[in-house]
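Asks: Quick one, input-v6.pdb (PDB, C-alpha atoms, pLDDT in the B column):
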```
ATOM      1  CA  GLU A 917      -1.251  21.761   4.378  1.00 74.00           C
ATOM      2  CA  TYR A 918      -0.987  17.981   4.061  1.00 82.00           C
ATOM      3  CA  ILE A 919       2.776  17.603   3.581  1.00 81.00           C
ATOM      4  CA  SER A 920       3.500  18.457   7.218  1.00 80.00           C
ATOM      5  CA  GLN A 921       1.067  15.764   8.406  1.00 82.00           C
ATOM      6  CA  ILE A 922       2.851  12.819   6.846  1.00 84.00           C
ATOM      7  CA  ALA A 923       6.185  11.122   6.579  1.00 86.00           C
ATOM      8  CA  VAL A 924       6.777   9.188   3.390  1.00 89.00           C
ATOM      9  CA  ILE A 925       9.193   6.284   3.127  1.00 90.00           C
ATOM     10  CA  PHE A 926       9.849   4.873  -0.319  1.00 91.00           C
ATOM     11  CA  ALA A 927      10.986   1.353   0.506  1.00 91.00           C
ATOM     12  CA  GLY A 928      12.247  -1.213  -1.962  1.00 90.00           C
ATOM     13  CA  LYS A 929      14.706  -1.528  -4.780  1.00 92.00           C
ATOM     14  CA  LEU A 930      14.150   1.144  -7.420  1.00 93.00           C
ATOM     15  CA  GLU A 931      14.179   0.104 -11.050  1.00 91.00           C
ATOM     16  CA  ALA A 932      17.495   1.158 -12.630  1.00 94.00           C
ATOM     17  CA  GLY A 933      15.749   3.071 -15.428  1.00 94.00           C
ATOM     18  CA  ILE A 934      13.988   5.452 -13.035  1.00 93.00           C
ATOM     19  CA  CYS A 935      16.318   5.538 -10.030  1.00 96.00           C
ATOM     20  CA  SER A 936      18.313   8.678 -10.835  1.00 97.00           C
ATOM     21  CA  ASN A 937      15.280  10.700 -11.906  1.00 96.00           C
ATOM     22  CA  PHE A 938      13.278   9.517  -8.895  1.00 95.00           C
ATOM     23  CA  LEU A 939      16.010  10.452  -6.421  1.00 97.00           C
ATOM     24  CA  ASP A 940      16.332  13.868  -8.076  1.00 97.00           C
ATOM     25  CA  LYS A 941      12.578  14.437  -7.710  1.00 95.00           C
ATOM     26  CA  VAL A 942      12.661  13.474  -4.030  1.00 95.00           C
ATOM     27  CA  ALA A 943      15.615  15.823  -3.411  1.00 96.00           C
ATOM     28  CA  SER A 944      13.809  18.632  -5.223  1.00 95.00           C
ATOM     29  CA  CYS A 945      10.645  18.056  -3.216  1.00 92.00           C
ATOM     30  CA  LYS A 946      12.591  18.121   0.055  1.00 92.00           C
ATOM     31  CA  HIS A 947      14.379  21.306  -1.011  1.00 94.00           C
ATOM     32  CA  ASN A 948      11.134  23.061  -2.016  1.00 92.00           C
ATOM     33  CA  ASN A 949       9.157  21.805   1.000  1.00 90.00           C
ATOM     34  CA  PRO A 950      11.233  22.068   4.181  1.00 88.00           C
ATOM     35  CA  ASN A 951       8.410  20.399   6.152  1.00 87.00           C
ATOM     36  CA  ALA A 952       8.430  17.350   3.889  1.00 88.00           C
ATOM     37  CA  ASP A 953       9.592  14.240   5.700  1.00 91.00           C
ATOM     38  CA  LEU A 954      10.719  12.028   2.807  1.00 92.00           C
ATOM     39  CA  HIS A 955      13.084   9.098   2.975  1.00 92.00           C
ATOM     40  CA  VAL A 956      14.205   6.565   0.362  1.00 95.00           C
ATOM     41  CA  GLU A 957      15.383   3.025   1.105  1.00 93.00           C
ATOM     42  CA  ASP A 958      16.581   1.971  -2.360  1.00 95.00           C
ATOM     43  CA  ARG A 959      17.294  -1.673  -1.630  1.00 95.00           C
ATOM     44  CA  PHE A 960      15.673  -5.000  -1.021  1.00 93.00           C
ATOM     45  CA  LEU A 961      14.350  -5.224   2.528  1.00 91.00           C
ATOM     46  CA  SER A 962      14.495  -8.160   4.893  1.00 92.00           C
ATOM     47  CA  THR A 963      11.336  -9.565   6.430  1.00 89.00           C
ATOM     48  CA  LYS A 964      12.277  -8.006   9.779  1.00 92.00           C
ATOM     49  CA  GLU A 965      12.677  -4.592   8.138  1.00 92.00           C
ATOM     50  CA  ILE A 966       9.311  -4.895   6.410  1.00 89.00           C
ATOM     51  CA  ILE A 967       7.626  -5.818   9.696  1.00 89.00           C
ATOM     52  CA  SER A 968       9.290  -2.883  11.446  1.00 91.00           C
ATOM     53  CA  LEU A 969       8.193  -0.445   8.752  1.00 90.00           C
ATOM     54  CA  LEU A 970       4.639  -1.781   8.929  1.00 88.00           C
ATOM     55  CA  LYS A 971       4.546  -1.307  12.699  1.00 87.00           C
ATOM     56  CA  HIS A 972       5.563   2.327  12.328  1.00 87.00           C
ATOM     57  CA  CYS A 973       3.464   3.363   9.350  1.00 89.00           C
ATOM     58  CA  ASP A 974      -0.143   4.405   9.014  1.00 88.00           C
ATOM     59  CA  MET A 975      -0.778   3.332   5.418  1.00 89.00           C
ATOM     60  CA  LEU A 976       0.901   1.903   2.326  1.00 91.00           C
ATOM     61  CA  LEU A 977       0.975   3.057  -1.265  1.00 90.00           C
ATOM     62  CA  VAL A 978       1.043   0.101  -3.642  1.00 87.00           C
ATOM     63  CA  PRO A 979       1.597   1.844  -7.007  1.00 84.00           C
ATOM     64  CA  TYR A 980       1.514  -1.028  -9.469  1.00 77.00           C
ATOM     65  CA  HIS A 981       0.964   0.087 -13.042  1.00 72.00           C
ATOM     66  CA  ARG A 982      -1.676  -0.943 -15.546  1.00 67.00           C
ATOM     67  CA  TYR A 983       0.360  -3.839 -16.985  1.00 68.00           C
ATOM     68  CA  PHE A 984       0.481  -5.590 -13.590  1.00 70.00           C
ATOM     69  CA  VAL A 985      -2.401  -8.057 -13.299  1.00 67.00           C
ATOM     70  CA  GLY A 986      -1.387 -10.378 -10.461  1.00 68.00           C
ATOM     71  CA  SER A 987      -1.742 -10.300  -6.713  1.00 72.00           C
ATOM     72  CA  SER A 988       0.668  -8.716  -4.280  1.00 78.00           C
ATOM     73  CA  GLY A 989       2.300  -9.920  -1.111  1.00 83.00           C
ATOM     74  CA  VAL A 990       2.305  -6.276  -0.014  1.00 85.00           C
ATOM     75  CA  LEU A 991      -1.493  -6.417   0.334  1.00 89.00           C
ATOM     76  CA  LEU A 992      -1.169  -9.435   2.612  1.00 90.00           C
ATOM     77  CA  TRP A 993       1.539  -7.741   4.679  1.00 90.00           C
ATOM     78  CA  ALA A 994      -0.659  -4.637   5.014  1.00 92.00           C
ATOM     79  CA  ALA A 995      -3.761  -6.680   5.889  1.00 93.00           C
ATOM     80  CA  SER A 996      -1.908  -8.654   8.551  1.00 91.00           C
ATOM     81  CA  ALA A 997      -0.691  -5.379  10.104  1.00 92.00           C
ATOM     82  CA  LYS A 998      -4.181  -3.799   9.719  1.00 93.00           C
ATOM     83  CA  LYS A 999      -2.778  -0.966   7.631  1.00 93.00           C
ATOM     84  CA  PRO A1000      -4.862   0.530   4.818  1.00 94.00           C
ATOM     85  CA  VAL A1001      -3.460   0.797   1.307  1.00 94.00           C
ATOM     86  CA  ILE A1002      -3.743   3.028  -1.711  1.00 94.00           C
ATOM     87  CA  ALA A1003      -3.680   0.577  -4.589  1.00 93.00           C
ATOM     88  CA  PRO A1004      -4.718   0.225  -8.239  1.00 92.00           C
ATOM     89  CA  ASN A1005      -8.424   0.178  -9.031  1.00 92.00           C
ATOM     90  CA  TYR A1006      -8.117  -2.553 -11.672  1.00 89.00           C
ATOM     91  CA  GLY A1007      -7.315  -6.236 -11.880  1.00 87.00           C
ATOM     92  CA  LEU A1008      -6.970  -8.549  -8.928  1.00 88.00           C
ATOM     93  CA  LEU A1009      -5.477  -5.828  -6.709  1.00 89.00           C
ATOM     94  CA  GLY A1010      -8.429  -3.508  -7.278  1.00 90.00           C
ATOM     95  CA  TYR A1011     -10.829  -6.372  -6.668  1.00 92.00           C
ATOM     96  CA  GLN A1012      -9.141  -7.354  -3.383  1.00 93.00           C
ATOM     97  CA  VAL A1013      -8.988  -3.752  -2.128  1.00 94.00           C
ATOM     98  CA  GLN A1014     -12.690  -3.305  -2.798  1.00 95.00           C
ATOM     99  CA  LYS A1015     -13.861  -6.751  -1.635  1.00 95.00           C
ATOM    100  CA  TYR A1016     -11.926  -6.682   1.638  1.00 96.00           C
ATOM    101  CA  HIS A1017     -12.088  -2.907   2.242  1.00 95.00           C
ATOM    102  CA  LEU A1018      -8.312  -2.669   2.364  1.00 95.00           C
ATOM    103  CA  GLY A1019      -8.169   1.071   1.738  1.00 95.00           C
ATOM    104  CA  ILE A1020      -8.507   3.260  -1.329  1.00 96.00           C
ATOM    105  CA  SER A1021      -8.367   2.033  -4.903  1.00 94.00           C
ATOM    106  CA  THR A1022      -7.502   4.542  -7.616  1.00 94.00           C
ATOM    107  CA  ASP A1023      -5.673   4.827 -10.917  1.00 93.00           C
ATOM    108  CA  THR A1024      -2.102   4.626  -9.620  1.00 91.00           C
ATOM    109  CA  THR A1025      -0.725   5.763 -12.987  1.00 89.00           C
ATOM    110  CA  LYS A1026      -2.033   9.281 -12.288  1.00 92.00           C
ATOM    111  CA  PRO A1027      -0.149  11.275  -9.615  1.00 91.00           C
ATOM    112  CA  LYS A1028      -3.074  13.668  -8.979  1.00 95.00           C
ATOM    113  CA  LEU A1029      -5.359  10.756  -8.176  1.00 96.00           C
ATOM    114  CA  ILE A1030      -2.774   9.297  -5.786  1.00 93.00           C
ATOM    115  CA  ALA A1031      -2.501  12.705  -4.079  1.00 92.00           C
ATOM    116  CA  ASN A1032      -6.313  12.845  -3.801  1.00 95.00           C
ATOM    117  CA  ALA A1033      -6.298   9.384  -2.221  1.00 95.00           C
ATOM    118  CA  PHE A1034      -3.777  10.553   0.391  1.00 92.00           C
ATOM    119  CA  ARG A1035      -6.026  13.546   1.127  1.00 93.00           C
ATOM    120  CA  ARG A1036      -9.081  11.280   1.480  1.00 93.00           C
ATOM    121  CA  TYR A1037      -7.160   9.127   3.939  1.00 93.00           C
ATOM    122  CA  LEU A1038      -5.905  12.108   5.964  1.00 91.00           C
ATOM    123  CA  ASP A1039      -9.363  13.675   6.047  1.00 93.00           C
ATOM    124  CA  ASP A1040     -10.940  10.553   7.568  1.00 92.00           C
ATOM    125  CA  LEU A1041      -8.262   8.759   9.611  1.00 87.00           C
ATOM    126  CA  ASP A1042     -10.773   7.321  12.070  1.00 89.00           C
ATOM    127  CA  TYR A1043     -12.660   5.466   9.350  1.00 90.00           C
ATOM    128  CA  TYR A1044      -9.537   3.638   8.179  1.00 86.00           C
ATOM    129  CA  GLU A1045      -8.427   2.818  11.732  1.00 86.00           C
ATOM    130  CA  ARG A1046     -11.844   1.366  12.646  1.00 90.00           C
ATOM    131  CA  ASN A1047     -12.617  -0.478   9.421  1.00 90.00           C
ATOM    132  CA  THR A1048     -10.264  -3.475   9.691  1.00 94.00           C
ATOM    133  CA  SER A1049     -12.606  -6.469   9.564  1.00 95.00           C
ATOM    134  CA  GLY A1050     -11.937  -7.037   5.855  1.00 95.00           C
ATOM    135  CA  MET A1051      -8.190  -6.910   6.493  1.00 94.00           C
ATOM    136  CA  GLU A1052      -8.583  -9.514   9.215  1.00 95.00           C
ATOM    137  CA  ARG A1053     -10.648 -11.714   6.878  1.00 94.00           C
ATOM    138  CA  LEU A1054      -8.115 -11.518   4.021  1.00 92.00           C
ATOM    139  CA  HIS A1055      -5.266 -12.268   6.414  1.00 90.00           C
ATOM    140  CA  ALA A1056      -7.096 -15.276   7.864  1.00 89.00           C
ATOM    141  CA  GLU A1057      -8.025 -16.600   4.415  1.00 86.00           C
ATOM    142  CA  SER A1058      -4.430 -16.239   3.263  1.00 86.00           C
ATOM    143  CA  LEU A1059      -2.822 -18.251   6.039  1.00 86.00           C
ATOM    144  CA  PRO A1060      -1.413 -21.392   4.380  1.00 86.00           C
ATOM    145  CA  GLU A1061      -3.617 -23.825   6.287  1.00 85.00           C
ATOM    146  CA  ASN A1062      -6.770 -21.756   5.657  1.00 84.00           C
ATOM    147  CA  PHE A1063      -5.886 -21.123   2.015  1.00 80.00           C
ATOM    148  CA  ALA A1064      -5.557 -24.865   1.369  1.00 83.00           C
ATOM    149  CA  ARG A1065      -8.779 -25.661   3.226  1.00 85.00           C
ATOM    150  CA  ILE A1066     -10.774 -22.948   1.392  1.00 82.00           C
ATOM    151  CA  PHE A1067      -9.256 -23.826  -1.982  1.00 83.00           C
ATOM    152  CA  PHE A1068     -10.028 -27.523  -1.745  1.00 87.00           C
ATOM    153  CA  SER A1069     -13.508 -27.018  -0.262  1.00 87.00           C
ATOM    154  CA  LYS A1070     -14.453 -24.751  -3.189  1.00 84.00           C
ATOM    155  CA  PHE A1071     -12.584 -26.772  -5.805  1.00 79.00           C
ATOM    156  CA  LEU A1072     -13.852 -30.175  -4.803  1.00 74.00           C
TER     157      LEU A1072
END
```
In structure tokens, how does this file's structure come out?
Replies:
Amino acid sequence: EYISQIAVIFAGKLEAGICSNFLDKVASCKHNNPNADLHVEDRFLSTKEIISLLKHCDMLLVPYHRYFVGSSGVLLWAASAKKPVIAPNYGLLGYQVQKYHLGISTDTTKPKLIANAFRRYLDDLDYYERNTSGMERLHAESLPENFARIFFSKFL
């Protein structure tokens, strides 16, 4: 019931070790689900392309795995566009998603939990469209001039 409500764009360069298998899985899903609107952009995207995709999407999946412990520019892109994310529930990413109410944090190594997060989003679209104040705050704090001011005021 959910597959016909969404379009999914996988955007970004796929890792060589998973590319063939991933593309096969997408093709199989499209074949088995005629209503599935799936598209793959297996390449690096320009800033203009990223901005265009953000304007036309409703949410972003940020599926970093357990070994990733840093931050992500994708979160900042999403926050600046006021788009919710599904992101890991651990490390700095999990912390930022929870602190700034950027969307749903879950274990992104488990496909069933990612699917449940999509369902949660689709079942309560209004909540995610209205709840953007944390996104605005993260975006403002991340602007270079604000970042420097906040950093040095807290550091010094």
Asks: Of the candidates A:Gly928, A:Gly1007, A:Gly933, A:Pro1000, which shows the shortest atom-to-atom distance to A:Ala1033, using only C-alpha atoms?
Replies: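 That would be A:Pro1000, the residue with the smallest distance to A:Ala1033.
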Asks: Give as a PDB file with C-alpha atoms, in the frame of the given file the residues that the PyMOL selection byres ((chain A and resi 960-976) around 8) matches when applied to the coordinates above.
Replies:
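Saved the output as selection.pdb:
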```pdb
ATOM      1  CA  ALA A 927      10.986   1.353   0.506  1.00 91.00           C
ATOM      2  CA  GLY A 928      12.247  -1.213  -1.962  1.00 90.00           C
ATOM      3  CA  LYS A 929      14.706  -1.528  -4.780  1.00 92.00           C
ATOM      4  CA  ASP A 958      16.581   1.971  -2.360  1.00 95.00           C
ATOM      5  CA  ARG A 959      17.294  -1.673  -1.630  1.00 95.00           C
ATOM      6  CA  LEU A 977       0.975   3.057  -1.265  1.00 90.00           C
ATOM      7  CA  VAL A 978       1.043   0.101  -3.642  1.00 87.00           C
ATOM      8  CA  TRP A 993       1.539  -7.741   4.679  1.00 90.00           C
ATOM      9  CA  ALA A 994      -0.659  -4.637   5.014  1.00 92.00           C
ATOM     10  CA  ALA A 997      -0.691  -5.379  10.104  1.00 92.00           C
ATOM     11  CA  LYS A 999      -2.778  -0.966   7.631  1.00 93.00           C
ATOM     12  CA  PRO A1000      -4.862   0.530   4.818  1.00 94.00           C
ATOM     13  CA  VAL A1001      -3.460   0.797   1.307  1.00 94.00           C
ATOM     14  CA  ILE A1002      -3.743   3.028  -1.711  1.00 94.00           C
TER      15      ILE A1002
END
```
Asks: Would you give me, as a tab-separated table, each residue of stretch 964-1004 of chain A having an atom within 7 Å of an atom of stretch 1037-1054 of chain A, along with its shortest atom pair and that distance in Å to one decimal, using all atoms listed in the file and sorting by chain and residue number?
Replies:
```
residue	atom	partner	partner_atom	distance
A:Ala995	CA	A:Met1051	CA	4.5
A:Ser996	CA	A:Glu1052	CA	6.8
A:Lys998	CA	A:Met1051	CA	6.0
A:Pro1000	CA	A:Tyr1044	CA	6.5
```
Asks: Under the rule that only C-alpha atoms are counted, which of A:Ser987, A:Gln1012, A:Ser1021, A:Gln921 is the nearest residue to A:Leu954?
Replies: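 The closest residue to A:Leu954 is A:Gln921.
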Asks: Can you work out which one of A:Lys941, A:Pro1060, A:Ala1003, A:His981 has the shortest atom-to-atom distance to A:Phe1034, counting all atoms listed in the file?
Replies: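 Of A:Lys941, A:Pro1060, A:Ala1003, A:His981, the one nearest A:Phe1034 is A:Ala1003, counting all atoms listed in the file.
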Asks: Determine the residue set returned by the PyMOL selection byres ((chain A and resi 953) around 12) for the present structure, and present it as an NGL selection string.
Replies: :A and (918-926 or 942-943 or 945-952 or 954-956)
Asks: Restricting the calculation to all atoms listed in the file: of A:Leu1008, A:Ile1066, A:Ile934, A:Ala1056, which residue gets closest to A:Leu992?
Replies: A:Ala1056
Asks: In Å, rounded to a single decimal, give me how far atom CA of A:Thr1022 is from atom CA of A:Asn937.
Replies: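 Computed distance, atom CA of A:Asn937 to atom CA of A:Thr1022, equals 24.0 Å.
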Asks: Between atom CA of A:Glu1057 and atom CA of A:Gly1019, measure the distance and give it in Å to one decimal.
Replies: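 That distance, rounded to one decimal, is 17.9 Å.
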Asks: Using all atoms listed in the file, which residue out of A:Ala1064, A:Gln1014, A:Val990, A:Pro979 lies closest to A:Pro1027?
Replies: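 Nearest candidate to A:Pro1027 out of A:Ala1064, A:Gln1014, A:Val990, A:Pro979: A:Pro979.
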Asks: Nearest residue to A:Val1013 out of A:Thr1025, A:Ile1030, A:Leu991, A:Glu957, using all atoms listed in the file?
Replies: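 Looking at the shortest contact to A:Val1013, the residue is A:Leu991.
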Asks: At what distance in Å, to one decimal, does atom CA of A:Arg1065 lie from atom CA of A:Leu1018?
Replies: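 Atom-to-atom, atom CA of A:Leu1018 and atom CA of A:Arg1065 are spaced 23.0 Å apart.
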Asks: Let me know the centre plus edge lengths, in Å and rounded to one decimal, of a box with edges along x, y and z that contains all listed atoms of stretch 1027-1030 of chain A and is padded by 8 Å on every side, as JSON.
Replies:
```
{"center_x": -2.8, "center_y": 11.5, "center_z": -7.7, "size_x": 21.2, "size_y": 20.4, "size_z": 19.8}
```
